[in-house]
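A.B. asks: You'll find start_8.cif just under this line, and it carries mmCIF, C-alpha atoms.
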```cif
data_structure
loop_
_atom_site.label_atom_id
_atom_site.label_comp_id
_atom_site.auth_asym_id
_atom_site.auth_seq_id
_atom_site.Cartn_x
_atom_site.Cartn_y
_atom_site.Cartn_z
CA MET A 1 12.84 57.94 -8.49
CA ILE A 2 9.18 58.90 -7.98
CA ASN A 3 8.03 56.57 -10.73
CA ARG A 4 10.05 53.70 -9.29
CA LYS A 5 8.60 54.27 -5.82
CA SER A 6 5.08 54.37 -7.23
CA TYR A 7 5.73 51.13 -9.12
CA LEU A 8 6.85 49.38 -5.92
CA GLN A 9 3.78 50.64 -4.09
CA VAL A 10 1.53 49.24 -6.81
CA LEU A 11 3.25 45.84 -6.56
CA LEU A 12 2.81 45.86 -2.80
CA VAL A 13 -0.90 46.64 -3.07
CA VAL A 14 -1.41 43.89 -5.69
CA GLY A 15 0.47 41.39 -3.52
CA LEU A 16 -1.65 42.23 -0.49
CA PHE A 17 -4.80 41.90 -2.60
CA PHE A 18 -3.95 38.40 -3.84
CA SER A 19 -2.84 37.25 -0.39
CA ALA A 20 -6.14 38.49 0.99
CA CYS A 21 -7.97 36.50 -1.72
CA LYS A 22 -6.15 33.29 -0.82
CA PRO A 23 -8.71 30.87 0.66
CA THR A 24 -8.33 30.29 4.39
CA VAL A 25 -10.10 28.05 6.85
CA PRO A 26 -13.06 29.91 8.44
CA VAL A 27 -12.54 30.92 12.05
CA GLU A 28 -15.48 28.80 13.25
CA VAL A 29 -13.76 25.67 11.86
CA ILE A 30 -11.03 23.84 13.79
CA GLN A 31 -7.78 25.04 12.22
CA PRO A 32 -5.51 22.53 10.39
CA ASP A 33 -2.76 22.33 13.06
CA ASP A 34 -5.33 21.92 15.82
CA MET A 35 -7.25 19.38 13.75
CA GLU A 36 -4.07 17.35 13.27
CA ASP A 37 -3.49 17.18 17.04
CA LEU A 38 -7.14 16.31 17.66
CA LEU A 39 -7.22 13.54 15.03
CA TYR A 40 -4.00 12.07 16.41
CA ASP A 41 -5.54 11.75 19.89
CA TYR A 42 -8.82 10.58 18.36
CA TYR A 43 -6.97 7.72 16.62
CA VAL A 44 -5.21 6.73 19.85
CA ALA A 45 -8.56 6.77 21.68
CA GLN A 46 -10.09 4.58 18.97
CA ASN A 47 -7.33 2.00 19.37
CA ILE A 48 -7.80 2.00 23.14
CA THR A 49 -11.53 1.45 22.68
CA GLY A 50 -10.98 -1.38 20.21
CA ASP A 51 -13.15 -2.46 17.30
CA SER A 52 -16.42 -0.76 18.16
CA ARG A 53 -18.64 -0.14 15.14
CA ASP A 54 -21.21 1.60 17.33
CA GLY A 55 -20.02 5.11 18.07
CA ASN A 56 -22.71 5.48 20.73
CA ASP A 57 -21.56 2.85 23.24
CA TYR A 58 -20.48 4.20 26.64
CA ARG A 59 -16.77 3.37 26.46
CA THR A 60 -16.39 4.88 22.99
CA LYS A 61 -18.23 8.09 23.85
CA TYR A 62 -16.27 8.42 27.11
CA ASN A 63 -12.86 8.12 25.41
CA TYR A 64 -13.81 10.51 22.61
CA GLY A 65 -15.25 12.92 25.18
CA LEU A 66 -11.86 13.01 26.90
CA VAL A 67 -10.24 13.93 23.58
CA PHE A 68 -12.71 16.77 22.97
CA LYS A 69 -12.21 18.06 26.51
CA LYS A 70 -8.43 18.00 26.13
CA HIS A 71 -8.61 20.15 22.98
CA GLY A 72 -11.34 22.46 24.26
CA VAL A 73 -13.94 21.66 21.58
CA THR A 74 -17.41 20.17 21.63
CA GLU A 75 -18.54 17.17 19.62
CA ALA A 76 -20.80 19.49 17.60
CA GLU A 77 -17.82 21.70 16.70
CA PHE A 78 -15.85 18.62 15.70
CA ASP A 79 -18.69 17.34 13.50
CA SER A 80 -19.19 20.68 11.77
CA SER A 81 -15.44 20.95 11.14
CA LEU A 82 -15.44 17.49 9.58
CA VAL A 83 -18.21 18.57 7.22
CA TYR A 84 -16.00 21.48 6.13
CA TYR A 85 -12.93 19.28 5.59
CA TYR A 86 -14.95 16.65 3.75
CA ASN A 87 -15.78 19.40 1.27
CA HIS A 88 -12.07 20.34 1.13
CA ILE A 89 -10.55 16.90 0.70
CA GLU A 90 -7.07 18.14 -0.19
CA ASP A 91 -6.78 19.93 3.17
CA LEU A 92 -7.99 16.85 5.06
CA TYR A 93 -5.57 14.66 3.13
CA LYS A 94 -2.61 16.81 4.18
CA ILE A 95 -3.76 16.75 7.81
CA TYR A 96 -4.13 12.98 7.87
CA GLU A 97 -0.77 12.44 6.18
CA SER A 98 0.83 14.36 9.06
CA VAL A 99 -1.16 12.31 11.59
CA GLN A 100 -0.04 9.05 10.00
CA ALA A 101 3.59 10.18 9.91
CA ARG A 102 3.44 10.87 13.66
CA LEU A 103 1.85 7.49 14.33
CA SER A 104 4.47 5.72 12.21
CA ASP A 105 7.34 7.50 13.96
CA GLU A 106 5.91 6.57 17.33
CA ALA A 107 5.51 2.94 16.26
CA LEU A 108 9.13 2.79 15.11
CA GLU A 109 10.30 4.26 18.40
CA LEU A 110 8.37 1.54 20.25
CA GLY A 111 9.73 -1.16 17.95
CA ALA A 112 6.32 -2.00 16.47
CA SER A 113 4.95 -2.40 12.94
CA VAL A 114 8.36 -3.02 11.38
CA GLY A 115 8.77 -6.77 11.83
CA ASP A 116 7.50 -7.80 8.42
CA VAL A 117 9.42 -5.07 6.63
CA GLU A 118 12.68 -6.02 8.34
CA ARG A 119 12.10 -9.70 7.62
CA TYR A 120 11.69 -9.11 3.88
CA MET A 121 14.50 -6.57 3.65
CA LYS A 122 16.97 -8.95 5.29
CA ARG A 123 16.06 -11.69 2.85
CA SER A 124 16.41 -9.32 -0.09
CA LEU A 125 20.16 -9.09 0.51
CA SER A 126 20.58 -12.57 -0.98
CA GLY A 127 18.82 -11.61 -4.19
CA ASP A 128 16.22 -14.36 -3.75
CA THR A 129 13.66 -11.87 -2.40
CA MET A 130 13.13 -8.29 -3.51
CA ASP A 131 10.60 -5.50 -3.01
CA ILE A 132 9.67 -4.48 -6.57
CA TRP A 133 6.89 -1.99 -5.72
CA MET A 134 7.35 1.21 -7.77
CA GLY A 135 4.47 3.35 -6.52
CA HIS A 136 3.81 5.49 -3.45
CA ARG A 137 3.99 3.63 -0.14
CA HIS A 138 0.95 5.31 1.44
CA HIS A 139 -2.57 5.98 0.17
CA LEU A 140 -5.46 7.63 2.00
CA PHE A 141 -9.08 6.89 1.05
CA PHE A 142 -12.45 8.55 1.63
CA PRO A 143 -15.82 6.87 0.89
CA GLN A 144 -16.58 9.14 -2.05
CA PRO A 145 -15.26 9.26 -5.64
CA PRO A 146 -12.62 9.88 -6.83
CA TYR A 147 -10.88 9.52 -3.45
CA ASN A 148 -12.13 5.99 -2.75
CA ILE A 149 -10.03 4.04 -5.27
CA PHE A 150 -6.39 3.68 -6.29
CA GLN A 151 -5.53 1.56 -9.35
CA PHE A 152 -2.02 0.51 -10.34
CA THR A 153 -0.28 -1.10 -13.30
CA GLN A 154 3.38 -2.07 -13.21
CA LYS A 155 5.58 -3.85 -15.74
CA ALA A 156 7.63 -6.80 -14.50
CA ASP A 157 11.38 -6.20 -14.54
CA THR A 158 13.95 -8.48 -16.14
CA ALA A 159 14.78 -10.10 -12.80
CA CYS A 160 11.34 -11.76 -12.69
CA ARG A 161 11.50 -15.32 -13.93
CA ALA A 162 9.53 -18.55 -14.11
CA ASN A 163 8.56 -20.21 -10.81
CA ASP A 164 8.57 -16.87 -8.94
CA SER A 165 5.87 -16.16 -6.36
CA TYR A 166 4.62 -12.72 -5.29
CA LEU A 167 3.23 -11.10 -2.17
CA LEU A 168 1.45 -7.75 -1.91
CA THR A 169 1.70 -6.70 1.74
CA PHE A 170 0.54 -3.49 3.39
CA GLY A 171 -0.57 -1.97 6.67
CA SER A 172 -4.27 -1.30 7.10
CA SER A 173 -6.01 1.15 9.44
CA PHE A 174 -9.37 2.91 9.68
CA LEU A 175 -10.31 6.10 11.45
CA VAL A 176 -14.10 5.99 11.76
CA GLN A 177 -16.46 8.05 13.84
CA SER A 178 -19.30 5.53 13.62
CA GLY A 179 -20.88 3.01 11.27
CA SER A 180 -19.45 0.47 8.86
CA ARG A 181 -15.86 0.29 7.71
CA SER A 182 -14.69 -1.77 4.76
CA ALA A 183 -12.20 -1.79 1.89
CA THR A 184 -10.98 -4.25 -0.71
CA ALA A 185 -7.57 -4.92 -2.27
CA LEU A 186 -6.87 -6.91 -5.45
CA LEU A 187 -3.70 -8.10 -7.20
CA SER A 188 -3.47 -9.70 -10.65
CA VAL A 189 -0.33 -11.12 -12.25
CA ILE A 190 -0.33 -11.38 -16.06
CA TYR A 191 2.03 -13.99 -17.50
CA GLU A 192 3.81 -14.47 -20.83
CA ASN A 193 0.91 -16.28 -22.51
CA ASP A 194 -1.59 -13.68 -21.19
CA SER A 195 -2.97 -16.04 -18.56
CA VAL A 196 -3.82 -14.37 -15.25
CA ILE A 197 -3.79 -15.26 -11.57
CA THR A 198 -5.89 -12.96 -9.37
CA LYS A 199 -6.30 -12.70 -5.61
CA SER A 200 -8.49 -10.28 -3.64
CA ILE A 201 -9.27 -9.72 0.05
CA SER A 202 -11.41 -7.62 2.32
CA VAL A 203 -8.77 -5.72 4.22
CA PRO A 204 -8.57 -6.11 8.02
CA LEU A 205 -9.69 -3.31 10.30
CA SER A 206 -6.11 -2.95 11.52
CA GLY A 207 -2.76 -4.65 11.16
CA THR A 208 -1.04 -6.17 8.13
CA ALA A 209 -2.82 -7.51 5.05
CA ASN A 210 -1.29 -9.97 2.56
CA LEU A 211 -2.18 -11.04 -0.97
CA ASN A 212 -0.17 -14.07 -2.09
CA ILE A 213 0.27 -15.20 -5.71
CA PRO A 214 1.76 -18.73 -5.82
CA GLU A 215 4.65 -19.71 -8.07
CA CYS A 216 3.96 -20.35 -11.74
CA SER A 217 5.98 -22.10 -14.45
CA LEU A 218 5.69 -19.00 -16.65
CA ARG A 219 7.39 -15.63 -16.32
CA ALA A 220 5.30 -12.66 -15.15
CA LYS A 221 5.15 -9.68 -17.51
CA GLU A 222 2.79 -7.27 -15.69
CA PHE A 223 1.11 -6.56 -12.33
CA ARG A 224 -2.28 -4.89 -11.94
CA GLY A 225 -4.55 -4.20 -9.02
CA TYR A 226 -6.44 -1.72 -6.91
CA PHE A 227 -7.40 -0.57 -3.44
CA TYR A 228 -11.09 0.33 -3.11
CA MET A 229 -13.22 1.83 -0.35
CA PRO A 230 -17.00 1.65 -0.98
CA LYS A 231 -19.45 4.41 -0.24
CA ARG A 232 -21.09 4.58 3.18
CA GLN A 233 -23.73 1.90 3.65
CA GLY A 234 -27.41 2.11 4.58
CA ALA A 235 -27.90 3.96 7.83
CA ASP A 236 -24.32 5.26 7.97
CA ASN A 237 -24.12 9.02 8.48
CA VAL A 238 -22.38 10.40 5.39
CA ASN A 239 -21.06 13.34 7.45
CA ASP A 240 -19.40 11.12 10.06
CA MET A 241 -15.65 10.72 9.68
CA CYS A 242 -14.62 7.59 7.76
CA LEU A 243 -11.00 7.35 6.59
CA TYR A 244 -8.94 4.36 5.44
CA LEU A 245 -5.17 4.27 5.10
CA ALA A 246 -3.12 1.66 3.24
CA ASN A 247 0.52 2.20 4.19
CA HIS A 248 3.96 0.58 3.96
CA ILE A 249 2.92 -1.02 0.66
CA GLN A 250 5.35 -3.64 -0.67
CA LEU A 251 5.23 -6.01 -3.63
CA MET A 252 7.63 -8.83 -2.80
CA ARG A 253 9.10 -11.12 -5.45
CA PHE A 254 10.36 -14.53 -4.28
CA HIS A 255 12.61 -16.76 -6.37
CA ARG A 256 12.08 -20.46 -5.79
CA PRO A 257 14.70 -21.50 -3.17
CA ASP A 258 16.13 -24.44 -5.14
CA ASP A 259 16.62 -22.54 -8.42
CA ASN A 260 20.10 -21.29 -7.50
CA LYS A 261 21.07 -24.73 -6.21
CA LYS A 262 19.92 -26.33 -9.46
CA ASP A 263 21.99 -23.87 -11.46
CA SER A 264 25.14 -24.60 -9.45
CA VAL A 265 24.57 -28.37 -9.66
CA SER A 266 24.06 -28.22 -13.42
CA VAL A 267 27.36 -26.34 -13.80
CA ASP A 268 29.19 -28.93 -11.68
CA LYS A 269 27.67 -31.78 -13.69
CA GLU A 270 28.66 -30.08 -16.92
CA LYS A 271 32.28 -29.81 -15.73
CA ASP A 272 32.27 -33.47 -14.66
CA SER A 273 30.81 -34.61 -17.98
CA ILE A 274 33.55 -32.78 -19.86
CA THR A 275 36.22 -34.53 -17.81
CA VAL A 276 34.63 -37.94 -18.26
CA SER A 277 34.19 -37.46 -22.00
CA LYS A 278 37.94 -36.96 -22.41
CA GLU A 279 38.89 -40.02 -20.38
CA LEU A 280 36.13 -42.45 -21.37
CA LYS A 281 35.22 -41.59 -24.92
CA ARG A 282 34.66 -45.22 -25.90
CA GLU A 283 32.11 -45.77 -23.13
CA LEU A 284 29.80 -42.94 -24.18
CA PRO A 285 26.48 -44.04 -25.75
CA SER A 286 25.82 -43.62 -29.42
CA PRO A 287 24.39 -40.29 -30.59
CA SER A 288 20.92 -41.75 -31.16
CA SER A 289 20.68 -43.31 -27.71
CA LYS A 290 22.02 -40.12 -26.08
CA ARG A 291 19.40 -38.05 -27.84
CA ASP A 292 16.64 -40.36 -26.61
CA SER A 293 17.90 -40.36 -23.03
CA LEU A 294 18.15 -36.57 -22.89
CA SER A 295 14.99 -35.67 -24.79
CA PRO A 296 12.77 -33.46 -22.65
CA LYS A 297 9.57 -34.92 -21.24
CA PRO A 298 6.35 -32.92 -21.56
CA GLU A 299 5.43 -31.04 -18.40
CA LEU A 300 2.00 -31.63 -16.91
CA ASN A 301 -0.08 -28.73 -15.64
CA ALA A 302 2.56 -26.25 -16.75
CA LYS A 303 0.12 -23.38 -17.31
CA PRO A 304 -1.27 -21.32 -14.43
CA ILE A 305 -4.90 -21.20 -13.45
CA THR A 306 -6.61 -18.61 -15.59
CA LYS A 307 -8.28 -16.92 -12.67
CA GLU A 308 -8.24 -17.63 -8.99
CA LYS A 309 -10.06 -15.72 -6.31
#
```
Here is the file; what I need is its structure written in the form of structure tokens.
C.D. replies:
Amino acid sequence: MINRKSYLQVLLVVGLFFSACKPTVPVEVIQPDDMEDLLYDYYVAQNITGDSRDGNDYRTKYNYGLVFKKHGVTEAEFDSSLVYYYNHIEDLYKIYESVQARLSDEALELGASVGDVERYMKRSLSGDTMDIWMGHRHHLFFPQPPYNIFQFTQKADTACRANDSYLLTFGSSFLVQSGSRSATALLSVIYENDSVITKSISVPLSGTANLNIPECSLRAKEFRGYFYMPKRQGADNVNDMCLYLANHIQLMRFHRPDDNKKDSVSVDKEKDSITVSKELKRELPSPSSKRDSLSPKPELNAKPITKEK
């Protein structure tokens, strides 16, 4: 009994030791839960202020000052806490994911930011349109490697066919303390003969971004692309907060509207031709003339542009 009790005491001491060694946020730094609430209000204040790249203008500083006052912190404490979280990116990532989830929930409650998604989802019921994105729907970026780029490669499924068009659509938002804000998105579609169509854009400061790949006479076999946030530019303060979020990512596949109609018409014509052939055998053309009349004509400009920006 004594040995067992001693063994349990040793386990308890070891457990307390390792829990004490677990890294925690220093007391002088704004704690994660408090930082989440502060960043949420900071984002709302930024949207009220509008697109102001100068963090020193009166309206911007006034709105941010109200946020700091509400949470009982100074701008200096906020800045020093950001420096800490920038050096602990994983912690900042978790905080911002929670902030974005709250913002998304609020947008849904207000009936905003879901129009495009609903429009595509309703069309997908017919089978003509489908969201084929297979990756994560949300990605957060910081202006420093390796957190400033996300690359993706995705094989085309068997439902993709010739004459399809594609649309990469996503929400775009920045949370920037001051200075420049920029990011780039690119989508490439690789086709059966290894030809490629590529589109890229500088993402908007807020709202929905779209990358459209037009229809092609060949079948797609692979999709590639990336989201990229460059490092801070010139006079930008590297310690100032600069975050970019790409969210609600969708890769829409569109079948050409008249493809299904053509299929149904061809079936009807085939049925009619069978009926006619039984009743009017003598009026059918000779095999040689039939072959000439039905021989396929060469298609012009059938291959896609090798590269398009």
A.B. asks: Suppose you want the space between atom CA of A:Tyr93 and atom CA of A:Gly225; what is it in Å?
C.D. replies: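 Result for atom CA of A:Tyr93 versus atom CA of A:Gly225: 22.5 Å, one decimal.
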A.B. asks: List the residues matched by the PyMOL selection byres ((chain A and resi 27-30) around 8) in the displayed structure as a list in words, ordered by chain and then by residue number.
C.D. replies: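 With the shown file as input, the PyMOL selection byres ((chain A and resi 27-30) around 8) matches Val25, Pro26, Gln31, Pro32, Asp34, Met35, Glu77, Phe78, Ser80, Ser81 and Tyr84 of chain A.
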A.B. asks: Evaluated on this file, the PyMOL selection byres ((chain A and resi 98) around 12) picks out some residues - which ones are they, written as a ChimeraX atom specification?
C.D. replies: /A:32-40,91-97,99-105,138,140
A.B. asks: Fewer than 2 positions away in the same chain doesn't count, so skip those; otherwise give me all residues within 12 Å of A:Ser180, counting all atoms listed in the file, as a PyMOL selection string.
C.D. replies: chain A and resi 51-55+143+174-178+182-183+205+229-238+240-244
A.B. asks: I'd like the residues picked by the PyMOL selection byres ((chain A and resi 202) around 8) written out as a ChimeraX atom specification, using the chain letters and numbers from the file.
C.D. replies: /A:182-185,200-201,203-204
A.B. asks: Between atom CA of A:His248 and atom CA of A:Ala159, measure the distance and give it in Å to one decimal.
C.D. replies: 22.6 Å
A.B. asks: Give me, as a PyMOL selection string, all polymer residues having an atom no more than 8 Å from stretch 253-256 of chain A, counting all atoms listed in the file and skipping those fewer than 5 positions away in the same chain.
C.D. replies: chain A and resi 128-132+160-161+163-167+215
A.B. asks: What does the file look like for those residues with C-alpha atoms, as an mmCIF file, in the coordinates of the input?
C.D. replies:
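Output file out_21.cif follows:
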```
data_model
loop_
_atom_site.group_PDB
_atom_site.id
_atom_site.type_symbol
_atom_site.label_atom_id
_atom_site.label_comp_id
_atom_site.auth_asym_id
_atom_site.auth_seq_id
_atom_site.Cartn_x
_atom_site.Cartn_y
_atom_site.Cartn_z
ATOM 1 C CA ASP A 128 16.220 -14.360 -3.750
ATOM 2 C CA THR A 129 13.660 -11.870 -2.400
ATOM 3 C CA MET A 130 13.130 -8.290 -3.510
ATOM 4 C CA ASP A 131 10.600 -5.500 -3.010
ATOM 5 C CA ILE A 132 9.670 -4.480 -6.570
ATOM 6 C CA CYS A 160 11.340 -11.760 -12.690
ATOM 7 C CA ARG A 161 11.500 -15.320 -13.930
ATOM 8 C CA ASN A 163 8.560 -20.210 -10.810
ATOM 9 C CA ASP A 164 8.570 -16.870 -8.940
ATOM 10 C CA SER A 165 5.870 -16.160 -6.360
ATOM 11 C CA TYR A 166 4.620 -12.720 -5.290
ATOM 12 C CA LEU A 167 3.230 -11.100 -2.170
ATOM 13 C CA GLU A 215 4.650 -19.710 -8.070
#
```
A.B. asks: Find the residue from A:Pro257, A:Tyr58, A:Tyr228, A:Tyr191 that sits nearest to A:Cys216; use all atoms listed in the file when measuring.
C.D. replies: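 With all atoms listed in the file as the atom set, the closest residue is A:Tyr191.
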A.B. asks: What's the separation between atom CA of A:Leu218 and atom CA of A:Ile197, in Å to one decimal place?
C.D. replies: 11.4 Å
A.B. asks: Counting only C-alpha atoms, what are the residues of stretch 185-225 of chain A within 9 Å of stretch 149-154 of chain A, and for each of them which pair of atoms is the nearest and at what distance in Å, to one decimal? Sort the table by chain and rising number, as JSON lines.
C.D. replies:
```
{"residue": "A:Lys221", "atom": "CA", "partner": "A:Gln154", "partner_atom": "CA", "distance": 8.9}
{"residue": "A:Glu222", "atom": "CA", "partner": "A:Gln154", "partner_atom": "CA", "distance": 5.8}
{"residue": "A:Phe223", "atom": "CA", "partner": "A:Gln154", "partner_atom": "CA", "distance": 5.1}
{"residue": "A:Arg224", "atom": "CA", "partner": "A:Thr153", "partner_atom": "CA", "distance": 4.5}
{"residue": "A:Gly225", "atom": "CA", "partner": "A:Phe152", "partner_atom": "CA", "distance": 5.5}
```
A.B. asks: Using only C-alpha atoms, determine which residues lie at most 8 Å from A:Asn239, disregarding the query and same-chain residues fewer than 5 positions distant; provide the list as number ranges by chain.
C.D. replies: A: 79, 82-83, 86
